[in-house]
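Trainee: I'm passing along model.csv; it holds CSV, C-alpha atoms.
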```
chain,number,residue,atom,x,y,z
F,78,MET,CA,-8.3,15.3,26.9
F,79,GLN,CA,-10.2,16.4,23.8
F,80,GLU,CA,-13.3,14.4,23.0
F,81,LYS,CA,-13.1,12.1,20.0
F,82,LYS,CA,-15.8,10.7,17.8
F,83,GLN,CA,-15.7,7.2,16.3
F,84,LEU,CA,-16.4,7.2,12.6
F,85,THR,CA,-18.9,4.9,11.0
F,86,GLN,CA,-17.8,2.8,8.0
F,87,GLN,CA,-19.6,5.3,5.7
F,88,GLU,CA,-17.8,8.2,7.3
F,89,ILE,CA,-14.4,6.3,7.1
F,90,ARG,CA,-15.0,5.7,3.4
F,91,ALA,CA,-16.1,9.3,2.7
F,92,ARG,CA,-12.9,10.6,4.5
F,93,LEU,CA,-10.7,8.2,2.5
F,94,VAL,CA,-12.2,9.4,-0.8
F,95,GLN,CA,-11.6,13.0,0.3
F,96,MET,CA,-8.0,12.1,1.0
F,97,LEU,CA,-7.7,10.5,-2.4
F,98,ASP,CA,-9.1,13.6,-4.1
F,99,ASP,CA,-6.6,15.8,-2.2
F,100,LEU,CA,-3.7,13.5,-3.0
F,101,LEU,CA,-4.5,13.5,-6.7
F,102,ALA,CA,-4.9,17.3,-6.7
F,103,TYR,CA,-1.4,17.6,-5.1
F,104,CYS,CA,0.1,15.1,-7.7
F,105,ASN,CA,-1.6,16.9,-10.6
F,106,LYS,CA,-0.4,20.3,-9.3
F,107,HIS,CA,3.2,18.9,-9.5
F,108,GLY,CA,2.9,16.9,-12.7
F,109,LEU,CA,3.1,13.5,-10.9
F,110,THR,CA,1.3,10.4,-12.3
F,111,CYS,CA,-0.9,8.6,-9.7
F,112,PHE,CA,-3.5,5.9,-10.2
F,113,LEU,CA,-5.6,3.3,-8.5
F,114,VAL,CA,-4.0,-0.1,-7.9
F,115,GLY,CA,-4.7,-3.4,-6.1
F,116,GLY,CA,-7.9,-3.9,-4.2
F,117,THR,CA,-9.0,-0.3,-4.8
F,118,LEU,CA,-8.9,-0.8,-8.6
F,119,LEU,CA,-10.6,-4.2,-8.2
F,120,GLY,CA,-13.3,-2.4,-6.2
F,121,ALA,CA,-13.7,0.2,-8.9
F,122,ILE,CA,-14.1,-2.4,-11.7
F,123,ARG,CA,-16.2,-4.9,-9.8
F,124,HIS,CA,-18.2,-2.7,-7.5
F,125,LYS,CA,-17.7,0.8,-8.8
F,126,GLY,CA,-16.5,1.7,-5.3
F,127,PHE,CA,-15.0,0.0,-2.3
F,128,ILE,CA,-15.0,-3.7,-2.0
F,129,PRO,CA,-17.9,-4.3,0.4
F,130,TRP,CA,-15.6,-5.7,3.2
F,131,ASP,CA,-12.6,-3.4,2.4
F,132,ASP,CA,-11.6,-0.2,4.2
F,133,ASP,CA,-8.5,1.2,2.6
F,134,ILE,CA,-7.2,2.8,-0.6
F,135,ASP,CA,-4.1,2.0,-2.6
F,136,VAL,CA,-2.5,4.1,-5.3
F,137,GLY,CA,0.6,3.5,-7.5
F,138,ILE,CA,3.1,6.1,-8.6
F,139,PRO,CA,6.0,5.5,-11.1
F,140,ARG,CA,9.3,5.3,-9.2
F,141,ASP,CA,10.7,8.6,-10.6
F,142,ASP,CA,7.5,10.4,-9.6
F,143,TYR,CA,7.5,8.7,-6.3
F,144,GLU,CA,11.0,10.0,-5.6
F,145,LYS,CA,9.9,13.5,-6.7
F,146,LEU,CA,6.9,13.2,-4.2
F,147,ARG,CA,9.4,12.3,-1.4
F,148,GLU,CA,11.4,15.4,-2.2
F,149,LEU,CA,8.3,17.6,-2.4
F,150,ALA,CA,7.0,16.3,0.9
F,151,ARG,CA,10.1,18.0,2.5
F,152,THR,CA,10.0,21.2,0.5
F,153,GLU,CA,6.3,21.7,-0.1
F,154,PRO,CA,4.2,19.8,2.4
F,155,ILE,CA,0.7,18.8,1.4
F,156,GLY,CA,-0.5,20.9,4.3
F,157,GLY,CA,-3.7,21.0,6.2
F,158,HIS,CA,-4.2,18.0,8.4
F,159,TYR,CA,-2.2,15.7,6.1
F,160,ALA,CA,1.4,14.4,6.1
F,161,PHE,CA,3.5,12.0,4.1
F,162,ALA,CA,5.6,9.1,5.6
F,163,PHE,CA,8.0,7.0,3.5
F,164,GLY,CA,10.0,3.9,4.3
F,165,ASP,CA,12.7,5.2,2.1
F,166,ASP,CA,13.6,8.0,4.5
F,167,GLY,CA,12.8,6.3,7.8
F,168,SER,CA,9.5,7.9,8.6
F,169,TYR,CA,7.7,4.6,7.9
F,170,SER,CA,8.7,1.0,8.5
F,171,SER,CA,7.7,-0.5,5.2
F,172,PRO,CA,9.4,0.0,1.7
F,173,TYR,CA,6.7,2.3,0.4
F,174,GLY,CA,4.8,5.4,1.5
F,175,GLN,CA,1.6,6.6,3.1
F,176,MET,CA,-0.5,9.8,3.1
F,177,ILE,CA,-1.9,10.1,6.7
F,178,ASP,CA,-4.7,12.1,8.1
F,179,LEU,CA,-3.4,13.7,11.3
F,180,ASP,CA,-6.9,14.6,12.5
F,181,THR,CA,-7.7,10.9,13.0
F,182,ARG,CA,-6.6,8.1,15.3
F,183,LEU,CA,-6.6,4.5,14.0
F,184,ARG,CA,-6.9,1.2,15.8
F,185,ARG,CA,-6.8,-2.1,14.1
F,186,ALA,CA,-6.7,-5.7,15.4
F,187,SER,CA,-3.4,-6.6,13.8
F,188,THR,CA,-1.5,-3.9,15.8
F,189,GLU,CA,-1.2,-6.3,18.7
F,190,TYR,CA,1.5,-8.2,16.8
F,191,LEU,CA,3.4,-5.1,15.7
F,192,LEU,CA,6.1,-3.1,17.3
F,193,GLU,CA,4.9,0.3,18.4
F,194,SER,CA,7.3,2.0,15.9
F,195,ALA,CA,5.6,0.0,13.1
F,196,VAL,CA,2.0,1.0,13.9
F,197,THR,CA,0.3,3.7,11.8
F,198,ALA,CA,-1.6,5.8,14.3
F,199,HIS,CA,-3.7,7.7,11.8
F,200,MET,CA,-6.0,6.8,8.9
F,201,TYR,CA,-3.9,6.6,5.7
F,202,ILE,CA,-3.7,5.9,2.0
F,203,ASP,CA,-0.9,3.5,0.9
F,204,ILE,CA,1.4,4.9,-1.9
F,205,PHE,CA,3.2,2.2,-3.8
F,206,PRO,CA,6.2,3.0,-6.1
F,207,VAL,CA,5.7,1.3,-9.5
F,208,ASP,CA,9.0,-0.1,-10.7
F,209,GLY,CA,10.5,-1.8,-13.8
F,210,TYR,CA,10.4,-5.6,-14.2
F,211,PRO,CA,12.6,-7.9,-16.1
F,212,ASP,CA,11.6,-8.8,-19.7
F,213,THR,CA,11.6,-12.6,-19.3
F,214,ALA,CA,9.3,-14.7,-17.2
F,215,GLU,CA,12.3,-16.7,-15.9
F,216,GLU,CA,14.2,-13.6,-14.6
F,217,THR,CA,10.9,-12.2,-13.3
F,218,LYS,CA,10.5,-15.4,-11.2
F,219,ARG,CA,14.0,-15.0,-9.7
F,220,PHE,CA,13.3,-11.3,-9.1
F,221,ILE,CA,10.1,-12.1,-7.3
F,222,ARG,CA,11.8,-14.7,-5.1
F,223,ARG,CA,14.3,-12.1,-4.0
F,224,VAL,CA,11.8,-9.4,-3.3
F,225,THR,CA,9.5,-11.9,-1.5
F,226,PHE,CA,12.3,-13.0,0.8
F,227,LEU,CA,13.0,-9.3,1.6
F,228,ARG,CA,9.3,-8.5,2.1
F,229,LYS,CA,9.0,-11.2,4.6
F,230,ALA,CA,12.2,-10.1,6.4
F,231,VAL,CA,10.8,-6.5,6.6
F,232,LYS,CA,7.6,-8.0,8.0
F,233,TYR,CA,9.4,-9.9,10.7
F,234,SER,CA,11.5,-6.8,11.6
F,235,ARG,CA,8.2,-5.0,12.4
F,236,SER,CA,6.9,-7.9,14.6
F,237,LYS,CA,6.9,-8.2,18.4
F,238,PHE,CA,8.7,-11.0,20.1
F,239,GLY,CA,6.4,-13.7,21.6
F,240,ARG,CA,3.3,-12.7,19.8
F,241,GLY,CA,1.5,-14.7,17.1
F,242,THR,CA,-1.9,-15.8,16.0
F,243,SER,CA,-1.3,-19.2,17.6
F,244,GLY,CA,1.3,-20.8,19.9
F,245,PHE,CA,2.8,-22.6,16.9
F,246,ARG,CA,3.1,-19.3,14.9
F,247,THR,CA,4.7,-17.6,17.9
F,248,ILE,CA,7.4,-20.3,18.1
F,249,LEU,CA,7.9,-20.5,14.3
F,250,LYS,CA,8.4,-16.7,14.2
F,251,PHE,CA,11.0,-16.5,17.0
F,252,PHE,CA,14.2,-17.1,15.0
F,253,PRO,CA,13.3,-14.9,12.0
F,254,VAL,CA,12.1,-12.1,14.3
F,255,PHE,CA,15.3,-12.3,16.3
F,256,VAL,CA,17.6,-12.2,13.2
F,257,THR,CA,15.7,-9.4,11.5
F,258,HIS,CA,15.7,-7.3,14.7
F,259,LEU,CA,19.4,-7.7,14.8
F,260,LEU,CA,19.7,-6.5,11.2
F,261,GLY,CA,17.2,-3.7,11.9
F,262,ASN,CA,14.1,-2.5,10.1
F,263,ARG,CA,15.8,0.5,8.6
F,264,PHE,CA,18.6,-1.7,7.0
F,265,LEU,CA,16.1,-4.2,5.6
F,266,VAL,CA,13.8,-1.5,4.2
F,267,ARG,CA,16.7,0.2,2.4
F,268,ARG,CA,17.8,-3.2,1.0
F,269,MET,CA,14.3,-3.9,-0.2
F,270,VAL,CA,14.1,-0.5,-1.9
F,271,ARG,CA,17.4,-1.2,-3.7
F,272,GLU,CA,16.2,-4.6,-4.9
F,273,ALA,CA,12.7,-3.4,-5.9
F,274,SER,CA,14.1,-0.5,-8.0
F,275,LYS,CA,16.8,-2.6,-9.6
F,276,TYR,CA,15.2,-2.4,-13.1
F,277,PRO,CA,14.8,1.3,-14.1
F,278,TYR,CA,11.2,2.3,-14.7
F,279,GLU,CA,11.9,4.5,-17.7
F,280,SER,CA,13.7,1.9,-19.8
F,281,ALA,CA,11.5,-1.1,-18.7
F,282,ASN,CA,9.1,-2.8,-21.0
F,283,TYR,CA,7.3,-4.3,-18.0
F,284,ILE,CA,6.3,-2.6,-14.8
F,285,GLY,CA,4.5,-3.3,-11.6
F,286,ILE,CA,4.7,-3.0,-7.8
F,287,SER,CA,7.6,-4.9,-6.4
F,288,ALA,CA,8.2,-3.1,-3.1
F,289,ASN,CA,5.1,-5.1,-1.8
F,290,ALA,CA,4.9,-7.9,-4.3
F,291,LEU,CA,2.2,-10.1,-2.9
F,292,TYR,CA,1.1,-11.8,-6.2
F,293,GLY,CA,4.2,-13.1,-7.8
F,294,VAL,CA,4.8,-12.8,-11.6
F,295,GLY,CA,1.2,-11.6,-12.0
F,296,GLU,CA,2.2,-8.3,-10.6
F,297,ARG,CA,3.9,-7.2,-13.9
F,298,TYR,CA,2.2,-5.8,-17.0
F,299,ARG,CA,3.4,-4.1,-20.1
F,300,LYS,CA,4.0,-0.4,-19.8
F,301,ASP,CA,3.0,0.4,-23.3
F,302,GLU,CA,-0.4,-1.2,-22.6
F,303,ALA,CA,-0.9,0.7,-19.4
F,304,PHE,CA,-0.7,4.2,-20.7
F,305,PRO,CA,-2.3,6.6,-21.3
F,306,LEU,CA,-4.4,6.1,-18.2
F,307,ILE,CA,-8.1,5.8,-18.4
F,308,GLU,CA,-10.8,6.9,-16.0
F,309,VAL,CA,-12.8,4.3,-13.9
F,310,PRO,CA,-15.8,4.8,-11.6
F,311,PHE,CA,-15.2,4.8,-7.9
F,312,GLU,CA,-17.7,6.0,-5.3
F,313,GLY,CA,-19.6,8.1,-7.7
F,314,LYS,CA,-16.5,9.8,-9.2
F,315,GLN,CA,-14.0,9.0,-11.9
F,316,TYR,CA,-10.4,8.1,-11.1
F,317,PRO,CA,-7.2,7.2,-13.1
F,318,ALA,CA,-6.3,3.6,-13.7
F,319,VAL,CA,-4.1,1.7,-16.1
F,320,ALA,CA,-5.7,1.0,-19.5
F,321,CYS,CA,-4.7,-2.7,-19.2
F,322,TYR,CA,-6.7,-3.1,-16.0
F,323,ASP,CA,-8.2,-6.4,-17.1
F,324,GLY,CA,-4.8,-8.1,-17.6
F,325,TYR,CA,-3.5,-6.5,-14.5
F,326,LEU,CA,-6.3,-7.6,-12.3
F,327,THR,CA,-6.4,-11.1,-13.9
F,328,GLY,CA,-2.6,-11.4,-13.1
F,329,ILE,CA,-3.0,-10.8,-9.4
F,330,TYR,CA,-6.6,-12.0,-8.7
F,331,GLY,CA,-7.4,-14.5,-11.5
F,332,ASN,CA,-11.2,-14.4,-12.2
F,333,TYR,CA,-11.5,-11.1,-10.4
F,334,MET,CA,-15.2,-10.5,-11.3
F,335,GLU,CA,-16.1,-13.6,-9.2
F,336,LEU,CA,-16.6,-12.9,-5.5
F,337,PRO,CA,-14.3,-14.9,-3.2
F,338,PRO,CA,-15.7,-17.4,-0.7
F,339,GLU,CA,-17.1,-15.9,2.5
F,340,GLU,CA,-14.1,-17.0,4.6
F,341,LYS,CA,-11.7,-15.0,2.3
F,342,ARG,CA,-13.6,-11.8,2.5
F,343,LYS,CA,-11.3,-10.3,5.1
F,344,SER,CA,-11.6,-6.8,6.5
F,345,HIS,CA,-8.9,-5.0,8.4
F,346,HIS,CA,-11.3,-4.5,11.3
F,347,ILE,CA,-10.3,-0.9,11.9
F,348,GLN,CA,-11.7,1.7,14.3
F,349,VAL,CA,-11.2,5.3,13.4
F,350,TYR,CA,-11.7,8.3,15.7
F,351,ARG,CA,-11.5,12.0,14.9
F,352,LYS,CA,-11.3,15.2,16.9
F,353,ALA,CA,-14.8,16.3,17.7
F,354,ASN,CA,-14.3,19.8,16.2
F,355,THR,CA,-12.9,18.6,12.8
F,356,LYS,CA,-15.0,18.5,9.7
F,357,GLN,CA,-16.0,15.3,8.0
```
In structure tokens, what does this structure look like?
Mentor:
Amino acid sequence: MQEKKQLTQQEIRARLVQMLDDLLAYCNKHGLTCFLVGGTLLGAIRHKGFIPWDDDIDVGIPRDDYEKLRELARTEPIGGHYAFAFGDDGSYSSPYGQMIDLDTRLRRASTEYLLESAVTAHMYIDIFPVDGYPDTAEETKRFIRRVTFLRKAVKYSRSKFGRGTSGFRTILKFFPVFVTHLLGNRFLVRRMVREASKYPYESANYIGISANALYGVGERYRKDEAFPLIEVPFEGKQYPAVACYDGYLTGIYGNYMELPPEEKRKSHHIQVYRKANTKQ
């Protein structure tokens, strides 16, 4: 068995930044729009880098470009030690995508609750399609209720039977896990993608991430206020972000410049290993 080296947090972050650089270079080469979102953008604005207790990177890509990226992944792979995986085509078990580093092995505490088929074995960057949103707040609330229901269904379809963070949670999860396993992860991911992309990006006035909508109505923002993209500092470099980052971050985090309480500063508790003969 080939010897592997466990990466320090500094090495993990350096490798993630290199992955981000390579992903953006690939997108730029093919004329695809890609920008920082979620906690990565929050870290860029508040910390000029990673959130101190964070250990991942999230990017957003408009739905049309996301579909082009899926096609390119088949016809012109990114190459090297990277690969793409997408829930849309069955190579991933969530309704979005990932860029993975095949030279690494990843372990994280949460995997003990997930099916083996739902566990990402390598270090990755999450790639979220950015979709259109309804114009009215009322219809947006209804839309969010639908995608939230489906997001939870997908989550249960990825879960193991008889495993939970407590005995009560294990019992509470049994029925939804049973039902969603009957329906199947692939069916639910496809259903989620159809619902998330219901409002065409090109004709929408409001946009946002709906395939993993964690923050409700606050996820949406005006497209005409988002573009053209601006550059924001992250780990000593400049990266693309929506021009309306203040409204976007306020919508999902509230007073985002204020640090959360200690108990809410949650890390993914990951361990990353790489082949001993690979470069940092």
Trainee: Could you tell me how far atom CA of F:Thr110 sits from atom CA of F:Lys145, in Å to one decimal place?
Mentor: 10.7 Å
Trainee: Can you tell me which residues surround F:Ile221 at a distance of at most 9 Å, considering only C-alpha atoms, apart from same-chain residues fewer than 5 positions away, and format the answer as a JSON list (two decimals) with C-alpha atoms, in the coordinates of the input?
Mentor:
```json
[["chain", "number", "residue", "atom", "x", "y", "z"],
["F", 216, "GLU", "CA", 14.20, -13.60, -14.60],
["F", 226, "PHE", "CA", 12.30, -13.00, 0.80],
["F", 287, "SER", "CA", 7.60, -4.90, -6.40],
["F", 290, "ALA", "CA", 4.90, -7.90, -4.30],
["F", 293, "GLY", "CA", 4.20, -13.10, -7.80],
["F", 294, "VAL", "CA", 4.80, -12.80, -11.60]]
```
Trainee: Stretch 86-91 of chain F: which residues within 12 Å, counting only C-alpha atoms, same-chain residues fewer than 4 positions away excluded, as a ChimeraX atom specification?
Mentor: /F:82,95-98,117,126-134,178,181-183,199-202,311-314,344-351,356-357
Trainee: Which residue is closest to F:Asp203? Choose from F:Gly115, F:Gly331, F:Pro338, F:Gly295 and count all atoms listed in the file.
Mentor: F:Gly115
Trainee: Tell me which of F:Ser234, F:Asn332, F:Asn289, F:Thr327 sits closest to F:Gly261, counting only C-alpha atoms.
Mentor: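 Closest to F:Gly261 of all the choices is F:Ser234.
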Trainee: Which is closest to F:Leu101 among F:Val136, F:Gly174, F:Asp212, F:Asn282, if we use all atoms listed in the file?
Mentor: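 Closest to F:Leu101, using all atoms listed in the file: F:Val136.
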Trainee: Which residue gives the smallest distance to F:Ala281 among F:Ala186, F:Val207, F:Val309, F:Ala162, with all atoms listed in the file counted?
Mentor: F:Val207
Trainee: Just how far from atom CA of F:Tyr276 is atom CA of F:Tyr210, in Å to one decimal?
Mentor: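 Interatomic distance here is 5.9 Å.
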Trainee: Would you mind telling me which residue in F:His124, F:Asn262, F:Phe252, F:Glu153 lies nearest to F:Asp165 when using only C-alpha atoms?
Mentor: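 Residue with the minimum atom-to-atom distance to F:Asp165: F:Asn262.
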Trainee: Could you please determine the separation between atom CA of F:Lys125 and atom CA of F:Met334 in Å, to one decimal place?
Mentor: 11.8 Å
Trainee: Considering only C-alpha atoms, return as a PyMOL selection string whatever protein or nucleic-acid residues lie within 9 Å of F:Phe112, sequence-local ones (same chain, fewer than 5 positions apart) excluded.
Mentor: chain F and resi 101+118+135-138+306+316-319
Trainee: Mind writing the picked residues with C-alpha atoms as a tab-separated table (two decimals), in the frame of the given file?
Mentor:
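Dumped to selection.tsv:
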```
chain	number	residue	atom	x	y	z
F	101	LEU	CA	-4.50	13.50	-6.70
F	118	LEU	CA	-8.90	-0.80	-8.60
F	135	ASP	CA	-4.10	2.00	-2.60
F	136	VAL	CA	-2.50	4.10	-5.30
F	137	GLY	CA	0.60	3.50	-7.50
F	138	ILE	CA	3.10	6.10	-8.60
F	306	LEU	CA	-4.40	6.10	-18.20
F	316	TYR	CA	-10.40	8.10	-11.10
F	317	PRO	CA	-7.20	7.20	-13.10
F	318	ALA	CA	-6.30	3.60	-13.70
F	319	VAL	CA	-4.10	1.70	-16.10
```
Trainee: Could you check which of F:Ile284, F:Val231, F:Ala273, F:Leu100 is closest to F:Val256, using only C-alpha atoms?
Mentor: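 Residue with the minimum atom-to-atom distance to F:Val256: F:Val231.
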Trainee: Would you list the contacts of F:Phe255 as a PDB file with C-alpha atoms, in the coordinates of the input, taking every protein, DNA or RNA residue within 12 Å and counting only C-alpha atoms, but skipping same-chain residues closer than 3 positions in sequence?
Mentor:
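As a result, result.pdb now contains:
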```pdb
ATOM      1  CA  ALA F 230      12.200 -10.100   6.400  1.00  0.00           C
ATOM      2  CA  TYR F 233       9.400  -9.900  10.700  1.00  0.00           C
ATOM      3  CA  SER F 234      11.500  -6.800  11.600  1.00  0.00           C
ATOM      4  CA  ARG F 235       8.200  -5.000  12.400  1.00  0.00           C
ATOM      5  CA  SER F 236       6.900  -7.900  14.600  1.00  0.00           C
ATOM      6  CA  LYS F 237       6.900  -8.200  18.400  1.00  0.00           C
ATOM      7  CA  PHE F 238       8.700 -11.000  20.100  1.00  0.00           C
ATOM      8  CA  GLY F 239       6.400 -13.700  21.600  1.00  0.00           C
ATOM      9  CA  THR F 247       4.700 -17.600  17.900  1.00  0.00           C
ATOM     10  CA  ILE F 248       7.400 -20.300  18.100  1.00  0.00           C
ATOM     11  CA  LEU F 249       7.900 -20.500  14.300  1.00  0.00           C
ATOM     12  CA  LYS F 250       8.400 -16.700  14.200  1.00  0.00           C
ATOM     13  CA  PHE F 251      11.000 -16.500  17.000  1.00  0.00           C
ATOM     14  CA  PHE F 252      14.200 -17.100  15.000  1.00  0.00           C
ATOM     15  CA  HIS F 258      15.700  -7.300  14.700  1.00  0.00           C
ATOM     16  CA  LEU F 259      19.400  -7.700  14.800  1.00  0.00           C
ATOM     17  CA  LEU F 260      19.700  -6.500  11.200  1.00  0.00           C
ATOM     18  CA  GLY F 261      17.200  -3.700  11.900  1.00  0.00           C
ATOM     19  CA  ASN F 262      14.100  -2.500  10.100  1.00  0.00           C
TER      20      ASN F 262
END
```
Trainee: To box stretch 100-106 of chain F, take all atoms listed in the file, fit an axis-aligned box, add 6 Å on each side, and give centre and edge lengths in Å to one decimal, as AutoDock Vina command-line options.
Mentor:
```
--center_x -2.4 --center_y 16.9 --center_z -6.8 --size_x 17.0 --size_y 18.8 --size_z 19.6
```
